[in-house]
Each structure stands twice: as structure tokens, then as C-alpha cells.
file target.pdb (PDB, C-alpha atoms)
ATOM      1  CA  MET M1426       0.000   0.000   0.000
ATOM      2  CA  PRO M1427       1.461   3.349  -0.977
ATOM      3  CA  THR M1428       2.341   6.405   0.992
ATOM      4  CA  TYR M1429       2.684   9.634  -0.953
ATOM      5  CA  PRO M1430       5.259  12.396  -0.649
ATOM      6  CA  PRO M1431       4.307  15.818   0.732
ATOM      7  CA  SER M1432       2.625  18.040  -1.870
ATOM      8  CA  THR M1433       0.926  15.084  -3.559
ATOM      9  CA  VAL M1434      -2.529  16.322  -4.568
ATOM     10  CA  ALA M1435      -5.470  14.223  -3.337
ATOM     11  CA  VAL M1436      -8.794  14.700  -5.157
ATOM     12  CA  ILE M1437     -11.551  13.517  -2.806
ATOM     13  CA  PHE M1438     -14.853  12.784  -4.571
ATOM     14  CA  ILE M1439     -17.886  11.831  -2.467
ATOM     15  CA  ALA M1440     -21.105  11.040  -4.313
ATOM     16  CA  GLU M1441     -24.464   9.394  -3.879
ATOM     17  CA  ARG M1442     -25.485   7.154  -6.765
ATOM     18  CA  THR M1443     -29.020   7.417  -8.071
ATOM     19  CA  LEU M1444     -30.945   4.176  -8.599
ATOM     20  CA  ALA M1445     -30.530   4.582 -12.390
ATOM     21  CA  ASP M1446     -28.360   2.656 -14.837
ATOM     22  CA  ASP M1447     -26.063   0.486 -12.698
ATOM     23  CA  ALA M1448     -24.659  -1.239 -15.788
ATOM     24  CA  GLY M1449     -23.798   1.990 -17.608
ATOM     25  CA  TYR M1450     -22.285   3.426 -14.466
ATOM     26  CA  ALA M1451     -20.056   0.391 -13.895
ATOM     27  CA  VAL M1452     -18.697   0.589 -17.452
ATOM     28  CA  ALA M1453     -18.020   4.320 -17.112
ATOM     29  CA  ALA M1454     -16.403   3.975 -13.681
ATOM     30  CA  ASN M1455     -13.983   1.339 -14.946
ATOM     31  CA  ALA M1456     -13.232   3.434 -18.035
ATOM     32  CA  MET M1457     -12.460   6.455 -15.819
ATOM     33  CA  VAL M1458      -9.986   4.493 -13.676
ATOM     34  CA  GLU M1459      -8.296   3.255 -16.836
ATOM     35  CA  LEU M1460      -8.229   6.756 -18.352
ATOM     36  CA  ALA M1461      -6.919   8.367 -15.144
ATOM     37  CA  SER M1462      -4.108   5.820 -14.881
ATOM     38  CA  ARG M1463      -2.817   6.896 -18.296
ATOM     39  CA  GLN M1464      -2.748  10.622 -17.393
ATOM     40  CA  PRO M1465       0.647  12.263 -16.704
ATOM     41  CA  GLY M1466       1.253  12.619 -12.971
ATOM     42  CA  TYR M1467      -1.261   9.943 -11.947
ATOM     43  CA  LEU M1468      -0.064   8.249  -8.739
ATOM     44  CA  GLY M1469      -2.964   6.064  -7.616
ATOM     45  CA  ILE M1470      -6.631   5.757  -6.708
ATOM     46  CA  ASN M1471      -8.808   4.366  -3.906
ATOM     47  CA  SER M1472     -12.522   3.767  -4.165
ATOM     48  CA  ALA M1473     -15.294   2.406  -1.950
ATOM     49  CA  ARG M1474     -19.100   2.418  -2.156
ATOM     50  CA  GLY M1475     -21.459   1.067   0.490
ATOM     51  CA  GLU M1476     -24.992  -0.288   0.441
ATOM     52  CA  ASP M1477     -26.349   3.229   1.062
ATOM     53  CA  ARG M1478     -25.007   4.056  -2.459
ATOM     54  CA  ILE M1479     -22.646   6.688  -1.063
ATOM     55  CA  GLY M1480     -19.163   6.269  -2.501
ATOM     56  CA  ILE M1481     -15.791   7.891  -1.954
ATOM     57  CA  THR M1482     -13.043   7.958  -4.564
ATOM     58  CA  VAL M1483      -9.660   9.505  -3.829
ATOM     59  CA  SER M1484      -7.237   9.964  -6.722
ATOM     60  CA  TYR M1485      -3.628  11.032  -6.176
ATOM     61  CA  TRP M1486      -1.640  13.330  -8.460
ATOM     62  CA  ALA M1487       1.980  14.441  -8.578
ATOM     63  CA  ASP M1488       1.038  18.130  -8.514
ATOM     64  CA  GLU M1489      -1.747  20.672  -9.136
ATOM     65  CA  GLU M1490      -1.002  20.777 -12.857
ATOM     66  CA  ALA M1491      -1.560  17.040 -13.151
ATOM     67  CA  ALA M1492      -4.819  17.235 -11.178
ATOM     68  CA  LYS M1493      -6.060  20.125 -13.325
ATOM     69  CA  ALA M1494      -5.107  18.358 -16.543
ATOM     70  CA  TRP M1495      -7.223  15.408 -15.373
ATOM     71  CA  ARG M1496     -10.118  17.752 -14.587
ATOM     72  CA  ASP M1497      -9.801  19.224 -18.099
ATOM     73  CA  ASN M1498      -9.456  15.891 -19.931
ATOM     74  CA  PRO M1499     -12.317  15.959 -22.509
ATOM     75  CA  GLU M1500     -13.337  12.310 -21.975
ATOM     76  CA  HIS M1501     -13.417  12.930 -18.230
ATOM     77  CA  ALA M1502     -15.543  16.053 -18.761
ATOM     78  CA  ALA M1503     -18.027  14.098 -20.895
ATOM     79  CA  ILE M1504     -18.361  11.399 -18.234
ATOM     80  CA  ARG M1505     -18.789  14.101 -15.587
ATOM     81  CA  ASP M1506     -21.763  15.477 -17.533
ATOM     82  CA  ALA M1507     -23.266  11.995 -17.724
ATOM     83  CA  GLY M1508     -22.719  11.678 -13.985
ATOM     84  CA  ARG M1509     -24.711  14.836 -13.322
ATOM     85  CA  ASN M1510     -27.446  13.803 -15.755
ATOM     86  CA  ARG M1511     -27.919  10.192 -14.688
ATOM     87  CA  TRP M1512     -25.684   8.690 -12.039
ATOM     88  CA  TYR M1513     -25.387  11.051  -9.101
ATOM     89  CA  SER M1514     -27.958  12.730  -6.869
ATOM     90  CA  TRP M1515     -25.240  14.856  -5.231
ATOM     91  CA  TYR M1516     -21.499  15.063  -4.942
ATOM     92  CA  ASP M1517     -18.809  16.883  -3.001
ATOM     93  CA  LEU M1518     -15.312  17.399  -4.382
ATOM     94  CA  HIS M1519     -12.334  18.466  -2.292
ATOM     95  CA  VAL M1520      -8.853  19.088  -3.688
ATOM     96  CA  ALA M1521      -6.168  18.839  -1.010
ATOM     97  CA  SER M1522      -2.395  18.841  -0.689
ATOM     98  CA  ILE M1523      -0.946  15.949   1.322
ATOM     99  CA  THR M1524       1.229  17.014   4.254
ATOM    100  CA  ARG M1525       2.013  13.579   5.698
ATOM    101  CA  SER M1526       1.232   9.990   4.831
ATOM    102  CA  TYR M1527       1.520   6.692   6.726
ATOM    103  CA  ASP M1528       0.835   3.076   6.027
ATOM    104  CA  TRP M1529       0.534  -0.043   8.123
ATOM    105  CA  VAL M1530       0.245  -3.730   7.220
ATOM    106  CA  LYS M1531      -0.496  -6.584   9.620
ATOM    107  CA  LEU M1532       2.539  -8.869   9.869
TER     108      LEU M1532
ATOM    109  CA  MET P 965     -23.658  18.715   1.561
ATOM    110  CA  PRO P 966     -20.781  20.808   2.860
ATOM    111  CA  THR P 967     -17.895  22.489   1.178
ATOM    112  CA  TYR P 968     -14.940  23.374   3.359
ATOM    113  CA  PRO P 969     -12.820  26.525   3.416
ATOM    114  CA  PRO P 970      -9.203  26.459   2.252
ATOM    115  CA  SER P 971      -6.812  25.121   4.901
ATOM    116  CA  THR P 972      -9.399  22.699   6.264
ATOM    117  CA  VAL P 973      -7.473  19.530   7.150
ATOM    118  CA  ALA P 974      -8.769  16.302   5.587
ATOM    119  CA  VAL P 975      -7.667  13.045   7.237
ATOM    120  CA  ILE P 976      -8.044  10.269   4.646
ATOM    121  CA  PHE P 977      -8.116   6.767   6.153
ATOM    122  CA  ILE P 978      -8.235   3.763   3.797
ATOM    123  CA  ALA P 979      -8.385   0.322   5.387
ATOM    124  CA  GLU P 980      -9.196  -3.280   4.639
ATOM    125  CA  ARG P 981     -11.315  -4.979   7.302
ATOM    126  CA  THR P 982     -10.333  -8.446   8.405
ATOM    127  CA  LEU P 983     -13.081 -11.076   8.588
ATOM    128  CA  ALA P 984     -13.005 -10.857  12.404
ATOM    129  CA  ASP P 985     -15.529  -9.362  14.813
ATOM    130  CA  ASP P 986     -18.027  -7.457  12.666
ATOM    131  CA  ALA P 987     -20.212  -6.700  15.691
ATOM    132  CA  GLY P 988     -17.375  -5.274  17.802
ATOM    133  CA  TYR P 989     -16.132  -3.265  14.868
ATOM    134  CA  ALA P 990     -19.551  -1.719  14.199
ATOM    135  CA  VAL P 991     -19.878  -0.617  17.822
ATOM    136  CA  ALA P 992     -16.390   0.897  17.814
ATOM    137  CA  ALA P 993     -16.883   2.640  14.465
ATOM    138  CA  ASN P 994     -20.066   4.320  15.675
ATOM    139  CA  ALA P 995     -18.387   5.287  18.945
ATOM    140  CA  MET P 996     -15.497   6.865  17.008
ATOM    141  CA  VAL P 997     -17.823   8.995  14.878
ATOM    142  CA  GLU P 998     -19.608  10.140  18.037
ATOM    143  CA  LEU P 999     -16.301  10.857  19.802
ATOM    144  CA  ALA P1000     -14.841  12.725  16.809
ATOM    145  CA  SER P1001     -17.941  14.913  16.523
ATOM    146  CA  ARG P1002     -17.388  16.163  20.086
ATOM    147  CA  GLN P1003     -13.717  17.111  19.460
ATOM    148  CA  PRO P1004     -12.855  20.824  19.109
ATOM    149  CA  GLY P1005     -12.403  21.765  15.470
ATOM    150  CA  TYR P1006     -14.393  18.814  14.077
ATOM    151  CA  LEU P1007     -16.134  19.836  10.843
ATOM    152  CA  GLY P1008     -17.524  16.623   9.380
ATOM    153  CA  ILE P1009     -16.934  13.044   8.240
ATOM    154  CA  ASN P1010     -17.631  10.835   5.215
ATOM    155  CA  SER P1011     -17.385   7.066   5.203
ATOM    156  CA  ALA P1012     -17.947   4.233   2.732
ATOM    157  CA  ARG P1013     -17.080   0.528   2.716
ATOM    158  CA  GLY P1014     -17.713  -1.879  -0.140
ATOM    159  CA  GLU P1015     -18.231  -5.616  -0.410
ATOM    160  CA  ASP P1016     -14.465  -6.109  -0.859
ATOM    161  CA  ARG P1017     -14.191  -4.885   2.794
ATOM    162  CA  ILE P1018     -12.079  -1.898   1.742
ATOM    163  CA  GLY P1019     -13.347   1.287   3.332
ATOM    164  CA  ILE P1020     -12.503   4.972   3.121
ATOM    165  CA  THR P1021     -13.219   7.459   5.879
ATOM    166  CA  VAL P1022     -12.430  11.152   5.471
ATOM    167  CA  SER P1023     -12.713  13.402   8.522
ATOM    168  CA  TYR P1024     -12.447  17.171   8.280
ATOM    169  CA  TRP P1025     -10.817  19.447  10.858
ATOM    170  CA  ALA P1026     -10.565  23.212  11.272
ATOM    171  CA  ASP P1027      -6.757  23.113  11.434
ATOM    172  CA  GLU P1028      -3.695  20.925  12.074
ATOM    173  CA  GLU P1029      -3.969  21.387  15.827
ATOM    174  CA  ALA P1030      -7.508  19.999  15.814
ATOM    175  CA  ALA P1031      -6.449  17.024  13.671
ATOM    176  CA  LYS P1032      -3.486  16.293  15.950
ATOM    177  CA  ALA P1033      -5.623  16.590  19.075
ATOM    178  CA  TRP P1034      -7.934  13.968  17.555
ATOM    179  CA  ARG P1035      -4.941  11.730  16.786
ATOM    180  CA  ASP P1036      -3.806  12.087  20.407
ATOM    181  CA  ASN P1037      -7.239  11.566  22.004
ATOM    182  CA  PRO P1038      -6.691   8.612  24.416
ATOM    183  CA  GLU P1039      -9.963   6.841  23.534
ATOM    184  CA  HIS P1040      -9.117   7.197  19.849
ATOM    185  CA  ALA P1041      -5.631   5.779  20.484
ATOM    186  CA  ALA P1042      -7.091   2.768  22.328
ATOM    187  CA  ILE P1043      -9.485   2.041  19.444
ATOM    188  CA  ARG P1044      -6.601   2.432  16.985
ATOM    189  CA  ASP P1045      -4.707  -0.301  18.853
ATOM    190  CA  ALA P1046      -7.779  -2.551  18.694
ATOM    191  CA  GLY P1047      -7.969  -1.809  14.975
ATOM    192  CA  ARG P1048      -4.410  -3.007  14.446
ATOM    193  CA  ASN P1049      -4.953  -6.077  16.607
ATOM    194  CA  ARG P1050      -8.292  -7.257  15.263
ATOM    195  CA  TRP P1051     -10.096  -5.221  12.642
ATOM    196  CA  TYR P1052      -7.688  -4.194   9.908
ATOM    197  CA  SER P1053      -5.343  -6.146   7.662
ATOM    198  CA  TRP P1054      -3.800  -2.921   6.356
ATOM    199  CA  TYR P1055      -4.431   0.790   6.306
ATOM    200  CA  ASP P1056      -3.143   3.943   4.662
ATOM    201  CA  LEU P1057      -3.515   7.358   6.276
ATOM    202  CA  HIS P1058      -3.032  10.647   4.458
ATOM    203  CA  VAL P1059      -3.304  14.057   6.096
ATOM    204  CA  ALA P1060      -3.990  16.814   3.578
ATOM    205  CA  SER P1061      -4.817  20.508   3.486
ATOM    206  CA  ILE P1062      -7.836  21.425   1.349
ATOM    207  CA  THR P1063      -7.109  24.007  -1.348
ATOM    208  CA  ARG P1064     -10.561  24.100  -2.983
ATOM    209  CA  SER P1065     -13.927  22.493  -2.451
ATOM    210  CA  TYR P1066     -17.090  22.183  -4.571
ATOM    211  CA  ASP P1067     -20.479  20.654  -4.181
ATOM    212  CA  TRP P1068     -23.324  19.832  -6.509
ATOM    213  CA  VAL P1069     -26.891  18.657  -5.914
ATOM    214  CA  LYS P1070     -29.358  17.502  -8.571
ATOM    215  CA  LEU P1071     -32.261  19.963  -8.792
TER     216      LEU P1071
END
call {"tool": "encode", "arguments": {"input": "target.pdb", "output": "C-alpha cells"}}
result
Amino acid sequence: MPTYPPSTVAVIFIAERTLADDAGYAVAANAMVELASRQPGYLGINSARGEDRIGITVSYWADEEAAKAWRDNPEHAAIRDAGRNRWYSWYDLHVASITRSYDWVKL
Amino acid sequence: MPTYPPSTVAVIFIAERTLADDAGYAVAANAMVELASRQPGYLGINSARGEDRIGITVSYWADEEAAKAWRDNPEHAAIRDAGRNRWYSWYDLHVASITRSYDWVKL
């Protein structure tokens, strides 16, 4: 499991899924992970969604420029529009700069 | 859904639950949310865990001092030890300073 150096940019996306179009959403979500991983400055991603349909995705970027380039990626923008139209009832987005990072694994 | 002002501290906790002690874990997790919400400088929390048992919790704090006081809270430290002993197979923790924050709600 990774730690990240100080100044890594974490993009924290919290969203509630609507009840619509689970199949289309799953395809798009996988495509977005694949697309993000090919962006310059991509460092990693974590994602979890519970039975209440609230999910959190955190993506990690080498710097602000990399995070903004991902925001401005045209395929990402198109999927974001679809998200607002169909897949999400609300979302919060926080962009943050990592100051310290730890990991632990059971031995 | 909240946005947070710049310099809000986000504590990003990503962890895989072991198969052990779901009941004890649920009690402790609820107690931690309750305890955190009574700490000075607490602003909010988001949490999600999927069927793969990987969960993400993000807590939000007014400043570094508030986040560190939460880290050093003795009840929190005791639960953290229980987490390492019983509930988690690994975790990552990232402390980050929010630079910008957006929200969106379907109308």
C-alpha cells in the first residue's frame, strides 16, 4: 500500500449514486480508472461504495497541474456530464495537498 | 452537503477490514464517529465501505492542531490499537490541506 510524498494532490470525490443505470455506471467507472491511470502525474486511486449508495473515490496526483489536466481531460468532462445527468444525486469534491502519509500492514 | 474553506485539514483513512468481529467493529466505528464529533475543530466526516471490505473514511478538521488533538485523544488511540490487533489487515492514512472544495446537488 502506498504512501505519498508531501505536496501530492489528493482529489476527494464523495457522491451518492441514483438508482438509475447500474450497468452503464459500472462501465463508465472502470473506463475512468483506466483513463486516469494513463494521465501524466497519476499516482494512484482508492474507491469504496457502500450499500447506502454513497461512494468515496480519492485519486492522487503528482502536482496541481496534473490534477487540473485530469479535470480538463475531454473524456473525463463528458463522463462528468453523464454523472450529473444520470448517475449522481449529489457530490462533493475536495482538492487537497498531502502534508504527511503513513501506512501499516499486519505482519 | 458541505464544502470546506481552504486550509481545512482532511484526514483520509483507507483500510481493509479483516473477517473478524463485525459486531465489535460496528460498535467501535459508531463510537469513534460520536467521539470525533465532540472534538474541538471537528467539521464533518464521510465514510464508505464496499463488499471487498475496503473502506474509506475522510474526517475534516478546522486546522492541524484539531487534527493532531484527535490523533492524540486517548480513547481514539485505544481504538486504533484494537484496529491493528483485530479489525484491519492494512491501512493507509493521508493528512492533507484542502485548497478548494465544490459541491453539486441535482435539482
call {"tool": "resolve_selection", "arguments": {"input": "target.pdb", "expression": "the PyMOL selection byres ((chain P) within 8 of (chain M))", "output": "number ranges by chain"}}
result
P: 965-968, 974, 978, 1010-1015, 1018-1020, 1048, 1052-1070
call {"tool": "atom_distance", "arguments": {"input": "target.pdb", "atom1": "atom CA of M:Ser1484", "atom2": "atom CA of P:Leu1007"}}
result
22.0 Å
call {"tool": "atom_distance", "arguments": {"input": "target.pdb", "atom1": "atom CA of M:Glu1489", "atom2": "atom CA of P:Tyr1006"}}
result
26.5 Å
call {"tool": "atom_distance", "arguments": {"input": "target.pdb", "atom1": "atom CA of P:Glu1029", "atom2": "atom CA of P:Ile1043"}}
result
20.4 Å
call {"tool": "residues_around", "arguments": {"input": "target.pdb", "residues": "P:Val997", "least_positions_apart": "4", "cutoff": "8 Å", "atoms": "only C-alpha atoms", "output": "MDAnalysis selection string"}}
result
chainID P and resid 993 1001 1009
call {"tool": "write_last_selection", "arguments": {"input": "target.pdb", "atoms": "C-alpha atoms", "output": "compact mmCIF listing (two decimals), in the coordinates of the input"}}
result
# COMPACT_ATOMS: atom_id res chain seq x y z
CA ALA P 993 -16.88 2.64 14.46
CA SER P 1001 -17.94 14.91 16.52
CA ILE P 1009 -16.93 13.04 8.24
call {"tool": "resolve_selection", "arguments": {"input": "target.pdb", "expression": "the PyMOL selection byres ((chain P and resi 1040) around 12)", "output": "ChimeraX atom specification"}}
result
/P:992-993,995-1000,1003,1031-1039,1041-1047
call {"tool": "axis_aligned_box", "arguments": {"input": "target.pdb", "around": "stretch 984-1000 of chain P", "padding_each_side": "5 Å", "output": "lines of an AutoDock Vina configuration file"}}
result
center_x = -16.6
center_y = 0.9
center_z = 16.1
size_x = 17.2
size_y = 33.6
size_z = 17.4
